[in-house]
Amino acid sequence: MAQPSHVSGFRLGRIIGIPVYVHSSWFLIFFLITLTLGTQFTAQHPGWTQTQHWMLGVITSLLFFASLLFHELSHSVVALHYRIPVQSITLFVFGGLARIGREPSSAKQEFNIAIAGPIASFFLAAGFWFASITFRGNDMVLAASGWLAWINLTLAVFNLVPGFPLDGGRILRALAWGVTKDFTRATWIASTAGKAFAYSMIVIGIVVALKGNWVSGLWTAFIGWFLRDAAQESYAQVAIRNTLTGVRAGDIMSQDVPTVARDISLEEYVHEVLRTGRRCHIVLGSGTPVGLVTLHAIRTVPRDEWANTSIQAVMLPIDRIQWASPEEPVLGVLERMQSVDINQMPVVSEGHIVGMIARDAILRVLQTRMQASHLAEQ
Ligand SMILES: [Zn+2]
């Protein structure tokens, strides 16, 4: 549930407005792939120099990761087309992950977002294959593009396996969602198929390892184990979604709205927080709300400047505040809080702030409801 607000790994930059990260495991994998390719090129092309083998190994590995990025970008572009925000793309061990801000709102959207990835990989496989026949005369281009065509084809096919969390699992869920009109049931079908596939990979991996092929056997089993975990987790997320169904912001907001005047200093504000225990306040300027200030925002100012800084300098201005309506489902509020990484929102009805809703209040309701449903099952 508690999603990390920032991704582990290091940031490459932004592409079409989306921050792109590489996970720390990426360096190991990059090294292993380069090593494998260098060794393979050395065996296949004894005529090349040592430098040629390893340079081509590095270039081919980089193009492989560019291919993964292209795959994730294609999911992202379709998601953005449906106005679903894409928070980040992370490249890691088994490929990439495009993190989208919320679940798709229809089966058709989910289907199109999911299928975009394998289509992109097929497209790249075809492109590299075309390059390999066009530059048949150049051994080095042929070796690199041949391998890249093969790996992109493998990626496309592997991702089409109909089990969560692979793209094929999302496609299966979209189809099941379209047929049953039941998102939870569809997710259960896709995650069960994912677990079945994962267990078969573990069994096949063990058999292969026992027959003496240790490396590929253990790799297969390891990927199976990873997929099993991921399938389980995706189902747990849907369980959370169900538990919060029917709860609206107005049901769990706190009705007192703590306020402070815009001209008080940070020093005075910290005293107010200590006195009341509230860590988020609406800032008032001549009686009307002008912004929102949190204890968190104060930390951006050095301690010795607190007395001489007014809270107006650190508050979030009114036009940039995220707010909820009392009728909004809390699940949507929680998703919005997670996607912009904030912990509270004012609840606004007919132009007036009628309450405040906090992330931990939503999580408390979630916890209580889950416990209650366990008791009911006993
Ligand atoms: Zn994909």
# chains A, B, ... in the order shown; residues from 1 in each chain; ligands from 1
call {"tool": "residues_near_ligand", "arguments": {"ligand": "ligand 1", "cutoff": "6 Å", "atoms": "only C-alpha atoms and all ligand atoms", "output": "number ranges by chain"}}
result
A: 72, 117, 167
call {"tool": "select_by_dssp", "arguments": {"residues": "region 192-275 of chain A", "states": "strand (DSSP E or B)", "output": "MDAnalysis selection string"}}
result
chainID A and resid 248 254 259:261 265
call {"tool": "closest_residue", "arguments": {"among": "A:Pro289, A:Pro19, A:Gly194, A:Gly332", "to": "Ile318 (chain A)", "atoms": "only C-alpha atoms"}}
result
A:Pro289
call {"tool": "atom_distance", "arguments": {"atom1": "CA of Arg228 (chain A)", "atom2": "CA of Tyr199 (chain A)"}}
result
7.2 Å
call {"tool": "residues_around", "arguments": {"residues": "region 153-155 of chain A", "least_positions_apart": "6", "cutoff": "9 Å", "atoms": "only C-alpha atoms", "output": "list of chain:residue names"}}
result
A:Leu68, A:Gly95, A:Pro118, A:Ser121, A:Phe122, A:Phe123, A:Leu124, A:Ala125, A:Ala126
call {"tool": "closest_residue", "arguments": {"among": "A:Asp319, A:Ile240, A:Trp225, A:Gly351", "to": "Leu363 (chain A)", "atoms": "only C-alpha atoms"}}
result
A:Ile240
call {"tool": "residues_around", "arguments": {"residues": "Cys280 (chain A)", "least_positions_apart": "5", "cutoff": "7 Å", "atoms": "only C-alpha atoms", "output": "VMD selection string"}}
result
chain A and resid 293 to 295
call {"tool": "residues_around", "arguments": {"residues": "region 35-45 of chain A", "least_positions_apart": "3", "cutoff": "7 Å", "atoms": "only C-alpha atoms", "output": "list of chain:residue names"}}
result
A:Phe31, A:Leu32, A:Trp48, A:His53, A:Trp54, A:Gly57
call {"tool": "write_last_selection", "arguments": {"atoms": "N, CA and C atoms", "output": "CSV table (one decimal), in the first residue's frame"}}
result
chain,number,residue,atom,x,y,z
A,31,PHE,N,26.1,-5.0,-17.2
A,31,PHE,CA,27.4,-5.6,-17.2
A,31,PHE,C,27.3,-7.0,-17.7
A,32,LEU,N,26.3,-7.8,-17.2
A,32,LEU,CA,26.1,-9.2,-17.6
A,32,LEU,C,25.8,-9.3,-19.1
A,48,TRP,N,37.6,-10.5,-35.6
A,48,TRP,CA,37.6,-9.1,-35.2
A,48,TRP,C,38.6,-8.9,-34.1
A,53,HIS,N,35.1,-6.5,-30.5
A,53,HIS,CA,34.1,-7.4,-29.7
A,53,HIS,C,33.4,-6.6,-28.6
A,54,TRP,N,34.2,-5.9,-27.8
A,54,TRP,CA,33.7,-5.3,-26.6
A,54,TRP,C,32.9,-4.0,-26.9
A,57,GLY,N,29.7,-5.0,-28.1
A,57,GLY,CA,28.9,-5.5,-26.9
A,57,GLY,C,28.3,-4.4,-26.2
call {"tool": "closest_residue", "arguments": {"among": "A:Ser191, A:Leu266, A:Arg99, A:Val257", "to": "Ala231 (chain A)", "atoms": "only C-alpha atoms"}}
result
A:Ser191
call {"tool": "residues_around", "arguments": {"residues": "Glu327 (chain A)", "least_positions_apart": "2", "cutoff": "9 Å", "atoms": "only C-alpha atoms", "output": "ChimeraX atom specification"}}
result
/A:248-251,324-325,329-330
call {"tool": "write_last_selection", "arguments": {"atoms": "C-alpha atoms", "output": "PDB file, in the first residue's frame"}}
result
ATOM      1  CA  ARG A 248     -16.822   9.117   0.095  1.00  0.00           C
ATOM      2  CA  ALA A 249     -14.609  12.005   1.119  1.00  0.00           C
ATOM      3  CA  GLY A 250     -17.493  13.581   3.083  1.00  0.00           C
ATOM      4  CA  ASP A 251     -17.818  10.404   5.219  1.00  0.00           C
ATOM      5  CA  ALA A 324     -11.836  17.065  -3.048  1.00  0.00           C
ATOM      6  CA  SER A 325     -15.614  17.326  -3.143  1.00  0.00           C
ATOM      7  CA  PRO A 329     -14.933   8.418  -3.660  1.00  0.00           C
ATOM      8  CA  VAL A 330     -12.009   8.246  -1.203  1.00  0.00           C
TER       9      VAL A 330
END
call {"tool": "select_by_dssp", "arguments": {"residues": "region 9-126 of chain A", "states": "helix (DSSP H, G or I)", "output": "count of residues only"}}
result
72
